[in-house]
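Trainee: The following file, coords-v5.cif, comprises mmCIF, C-alpha atoms and all ligand atoms:
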data_query
#
loop_
_atom_site.label_atom_id
_atom_site.label_comp_id
_atom_site.auth_asym_id
_atom_site.auth_seq_id
_atom_site.Cartn_x
_atom_site.Cartn_y
_atom_site.Cartn_z
CA MET A 1 -21.56 27.18 -43.24
CA GLU A 2 -24.87 28.02 -41.67
CA ASN A 3 -23.63 30.95 -39.58
CA PHE A 4 -21.08 32.31 -42.06
CA GLU A 5 -22.67 35.79 -42.23
CA GLU A 6 -22.56 36.13 -38.46
CA ILE A 7 -18.89 35.02 -38.32
CA LYS A 8 -17.99 37.25 -41.25
CA ASN A 9 -19.56 40.30 -39.60
CA LYS A 10 -17.65 39.60 -36.40
CA ALA A 11 -14.35 39.28 -38.33
CA LEU A 12 -15.00 42.57 -40.17
CA GLU A 13 -15.90 44.25 -36.91
CA ILE A 14 -12.59 43.04 -35.44
CA GLY A 15 -10.71 44.67 -38.29
CA PHE A 16 -10.22 42.25 -41.20
CA THR A 17 -10.71 43.76 -44.64
CA ARG A 18 -12.37 40.70 -46.21
CA VAL A 19 -13.65 37.28 -45.15
CA PHE A 20 -14.45 34.31 -47.42
CA GLU A 21 -15.61 30.74 -47.07
CA MET A 22 -12.90 28.29 -48.06
CA ASP A 23 -13.13 24.77 -49.44
CA VAL A 24 -10.76 22.73 -47.23
CA SER A 25 -10.25 20.15 -49.97
CA THR A 26 -8.33 22.81 -51.96
CA ILE A 27 -5.51 22.86 -49.37
CA VAL A 28 -2.42 21.06 -50.62
CA CYS A 29 0.49 20.71 -48.17
CA ARG A 30 3.68 20.93 -50.23
CA GLU A 31 7.03 19.63 -49.03
CA GLU A 32 8.91 22.26 -51.07
CA VAL A 33 7.43 25.11 -49.00
CA ARG A 34 9.22 23.64 -45.99
CA ALA A 35 12.57 24.58 -47.57
CA ASP A 36 11.78 28.24 -46.75
CA CYS A 37 10.87 27.30 -43.17
CA ALA A 38 14.42 26.04 -42.61
CA ARG A 39 15.69 29.58 -43.31
CA CYS A 40 13.19 31.25 -40.94
CA ARG A 41 14.20 32.31 -37.45
CA ALA A 42 11.09 30.56 -36.09
CA TYR A 43 12.33 27.18 -37.37
CA ASP A 44 12.77 24.61 -34.58
CA THR A 45 11.62 27.08 -31.91
CA SER A 46 7.95 26.12 -31.29
CA TRP A 47 5.34 23.38 -31.55
CA ALA A 48 3.72 25.35 -34.38
CA CYS A 49 6.69 25.25 -36.75
CA PRO A 50 8.77 22.45 -38.27
CA PRO A 51 9.95 20.06 -37.09
CA GLY A 52 7.72 20.38 -34.00
CA CYS A 53 4.45 20.63 -35.99
CA GLY A 54 5.01 17.24 -37.63
CA THR A 55 5.79 16.02 -41.11
CA ILE A 56 4.07 17.45 -44.15
CA GLU A 57 2.00 14.24 -44.39
CA GLU A 58 0.87 14.68 -40.78
CA CYS A 59 -0.08 18.29 -41.52
CA GLN A 60 -2.17 17.23 -44.52
CA GLU A 61 -3.84 14.53 -42.44
CA ARG A 62 -4.65 17.04 -39.68
CA ILE A 63 -6.14 19.50 -42.20
CA ASN A 64 -8.19 16.83 -43.98
CA LYS A 65 -10.17 16.20 -40.80
CA TYR A 66 -11.92 19.57 -41.15
CA SER A 67 -14.89 20.22 -43.36
CA HIS A 68 -15.25 24.02 -43.40
CA GLY A 69 -12.79 26.85 -43.74
CA LEU A 70 -12.50 30.62 -43.54
CA LEU A 71 -10.02 32.85 -45.35
CA LEU A 72 -9.35 36.17 -43.64
CA GLN A 73 -7.49 39.07 -45.25
CA THR A 74 -6.06 42.32 -43.97
CA THR A 75 -5.15 44.73 -46.79
CA ALA A 76 -3.08 47.86 -46.24
CA GLU A 77 -2.60 50.87 -48.51
CA LEU A 78 1.06 51.85 -49.01
CA GLU A 79 2.33 55.29 -50.00
CA ASP A 80 4.87 53.61 -52.29
CA GLN A 81 6.85 50.38 -52.55
CA PHE A 82 9.35 51.63 -49.96
CA ASP A 83 6.71 52.44 -47.33
CA VAL A 84 8.17 50.10 -44.70
CA ASP A 85 6.29 51.76 -41.84
CA SER A 86 2.92 50.92 -43.39
CA MET A 87 4.10 47.37 -44.17
CA MET A 88 5.07 46.83 -40.54
CA GLN A 89 1.84 48.41 -39.34
CA ALA A 90 -0.15 46.11 -41.64
CA ALA A 91 1.63 43.03 -40.25
CA ALA A 92 0.93 44.20 -36.70
CA ASP A 93 -2.73 44.96 -37.52
CA HIS A 94 -3.20 41.55 -39.14
CA GLY A 95 -1.62 39.80 -36.13
CA ARG A 96 -3.85 41.73 -33.73
CA ASN A 97 -6.94 40.99 -35.86
CA PHE A 98 -6.12 37.28 -35.90
CA ALA A 99 -5.44 37.09 -32.16
CA ALA A 100 -8.80 38.72 -31.40
CA PHE A 101 -10.65 36.60 -33.96
CA SER A 102 -8.97 33.43 -32.62
CA ASP A 103 -10.40 34.04 -29.16
CA TYR A 104 -13.85 34.63 -30.67
CA ILE A 105 -13.90 31.63 -33.03
CA LYS A 106 -12.53 29.29 -30.34
CA SER A 107 -15.45 30.29 -28.12
CA VAL A 108 -17.84 29.24 -30.92
CA TYR A 109 -15.89 26.26 -32.29
CA PRO A 110 -13.43 25.01 -29.63
CA GLY A 111 -12.03 22.35 -31.96
CA CYS A 112 -11.21 24.68 -34.85
CA MET A 113 -7.67 24.92 -36.23
CA LEU A 114 -6.00 28.36 -36.32
CA ILE A 115 -3.60 28.95 -39.21
CA GLY A 116 -1.96 32.36 -39.12
CA THR A 117 1.14 34.10 -40.35
CA GLY A 118 4.56 33.29 -38.91
CA GLY A 119 3.87 30.71 -36.23
CA CYS A 120 2.52 30.78 -32.69
CA HIS A 121 3.07 33.82 -30.48
CA ARG A 122 0.65 32.97 -27.69
CA CYS A 123 3.30 32.49 -25.01
CA ARG A 124 6.20 34.77 -24.22
CA LYS A 125 8.45 31.69 -24.43
CA CYS A 126 7.31 28.47 -26.10
CA THR A 127 7.73 25.24 -24.11
CA TYR A 128 9.28 23.59 -27.18
CA PRO A 129 11.05 21.18 -27.11
CA ASP A 130 11.26 20.36 -23.40
CA GLU A 131 7.57 20.34 -22.37
CA PRO A 132 4.29 19.78 -24.21
CA CYS A 133 2.48 22.83 -25.60
CA ARG A 134 0.78 24.86 -22.81
CA PHE A 135 -2.33 25.60 -24.86
CA PRO A 136 -2.71 22.90 -27.55
CA ASP A 137 -6.28 24.07 -28.21
CA LYS A 138 -5.15 27.62 -28.93
CA LEU A 139 -1.89 26.94 -30.73
CA THR A 140 -1.65 28.93 -33.96
CA HIS A 141 -0.15 27.07 -36.91
CA SER A 142 1.54 28.91 -39.74
CA MET A 143 0.44 28.51 -43.35
CA GLU A 144 4.01 27.94 -44.48
CA ALA A 145 4.67 25.32 -41.77
CA ASN A 146 1.74 23.39 -43.21
CA GLY A 147 3.27 23.61 -46.67
CA MET A 148 0.49 25.93 -47.86
CA VAL A 149 1.19 28.41 -50.66
CA VAL A 150 -0.94 31.41 -49.70
CA SER A 151 -1.56 32.63 -53.24
CA ASP A 152 -2.51 29.09 -54.38
CA VAL A 153 -5.03 28.70 -51.56
CA CYS A 154 -6.61 32.04 -52.50
CA THR A 155 -6.71 31.26 -56.22
CA ALA A 156 -8.18 27.80 -55.64
CA ASN A 157 -11.04 29.47 -53.78
CA ASP A 158 -11.61 32.26 -56.35
CA VAL A 159 -10.26 34.82 -53.90
CA LYS A 160 -7.92 37.61 -54.97
CA TYR A 161 -4.60 37.94 -53.20
CA TYR A 162 -3.30 41.04 -54.97
CA TYR A 163 -5.46 44.18 -54.91
CA GLY A 164 -3.34 46.40 -57.12
CA PRO A 165 -0.30 48.67 -56.87
CA GLY A 166 0.19 50.27 -53.48
CA THR A 167 -1.55 47.51 -51.56
CA LEU A 168 -0.28 44.72 -49.34
CA THR A 169 -2.46 41.83 -48.18
CA TYR A 170 -1.94 39.39 -45.33
CA VAL A 171 -3.91 36.14 -45.15
CA ALA A 172 -4.92 33.77 -42.37
CA CYS A 173 -7.25 30.74 -42.18
CA VAL A 174 -9.43 28.98 -39.70
CA LEU A 175 -10.57 25.39 -40.22
CA ILE A 176 -13.80 24.22 -38.61
CA ASP A 177 -15.21 20.71 -38.09
S1 LIG B 1 0.65 27.93 -27.30
FE1 LIG B 1 2.57 28.51 -26.28
S2 LIG B 1 3.58 26.52 -25.88
FE2 LIG B 1 2.00 26.14 -27.45
S3 LIG B 1 3.06 26.37 -29.43
FE3 LIG B 1 2.17 28.37 -28.92
S4 LIG B 1 3.83 29.47 -27.93
FE4 LIG B 1 4.37 27.26 -27.85
#
Written as structure tokens, how would this file's structure read?
Ligand code: SF4
Mentor:
Amino acid sequence: MENFEEIKNKALEIGFTRVFEMDVSTIVCREEVRADCARCRAYDTSWACPPGCGTIEECQERINKYSHGLLLQTTAELEDQFDVDSMMQAAADHGRNFAAFSDYIKSVYPGCMLIGTGGCHRCRKCTYPDEPCRFPDKLTHSMEANGMVVSDVCTANDVKYYYGPGTLTYVACVLID
């Protein structure tokens, strides 16, 4: 990507810990990941999650249309493995980082695909299933809904996912034409 350094600097400025270029062809949408979706409270509640986001084949097809990708990580330091407050803070920080970055990257690449953690939270109440999505251009997909295994995507792009004891890392992606 020609302007990767500029985009990376913006993402770091927003608050992400690390930003990498990603090879979109490494993304494999796996049906078995969907089994976890069925147990999630977001299941069947929005256009960003199954079944509203389409079949796993449709997800793969949608992803394959993009040629560039970004991997964005937010890593938190925990006091110990029971430090729930820091875990929740890290999730909130990552969500806030991604929301801010989404607005920025959409202003540069309006057609890009946002893939975050845990589905779309753009509207207070999703229109699903009665009306079409209010903001199809800004809808945030979830990695799991697309059948993506986060650790596999990182490994396939030579990116670490685990940064040692006492750390917790959240990951998001953006796909660009
Ligand atoms: S943008 Fe709004 S209507 Fe569309 S999927 Fe997200 S929450 Fe639902």
Trainee: Mind listing the residues within 10 Å of ligand LIG 1 (chain B), all atoms listed in the file counted, as a ChimeraX atom specification?
Mentor: /A:45-49,52-53,119-129,131-141
Trainee: Tell me, as a VMD selection string, which residues lie within 10 Å of Phe20 in chain A, counting only C-alpha atoms; anything in the same chain fewer than 4 positions away does not count.
Mentor: chain A and resid 4 to 5 8 69 to 73 154 157 to 159 173
Trainee: Determine the nearest neighbour of Arg34 in chain A from the options A:Glu13, A:Glu144, A:Asp152, A:Asp130, counting all atoms listed in the file.
Mentor: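 Ranked by minimum distance to Arg34 in chain A, first place goes to A:Glu144.
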Trainee: Can you work out which one of A:Thr117, A:Gln81, A:Ser107, A:Gln89 has the shortest atom-to-atom distance to Pro165 in chain A, counting all atoms listed in the file?
Mentor: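 For Pro165 in chain A, the nearest of the candidates is A:Gln81.
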Trainee: Between A:Val33, A:Val24, A:Ile14, A:Val150, which has the minimum distance to Gly95 in chain A (counting only C-alpha atoms)?
Mentor: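 Answer, going by the shortest atom-to-atom distance: A:Ile14.
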Trainee: Using only C-alpha atoms for the distances, tell me which of A:Arg62, A:Arg30, A:Arg96, A:His68 is nearest to Ile176 in chain A.
Mentor: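 Among the listed residues, A:His68 lies closest to Ile176 in chain A.
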Trainee: Compile the contact shell of range 101-106 of chain A as a list of chain:residue names: residues with an atom at most 7 Å away, counting all atoms listed in the file, same-chain residues fewer than 6 positions apart removed.
Mentor: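 Near neighbours after the sequence-gap exclusion: A:Ala11, A:Ile14, A:Cys112, A:Leu114.
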Trainee: So the first atom is CA of Glu21 in chain A and the second is CA of Val174 in chain A; what is the distance between them in Å, to one decimal place?
Mentor: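 Straight-line distance from CA of Glu21 in chain A to CA of Val174 in chain A works out to 9.8 Å.
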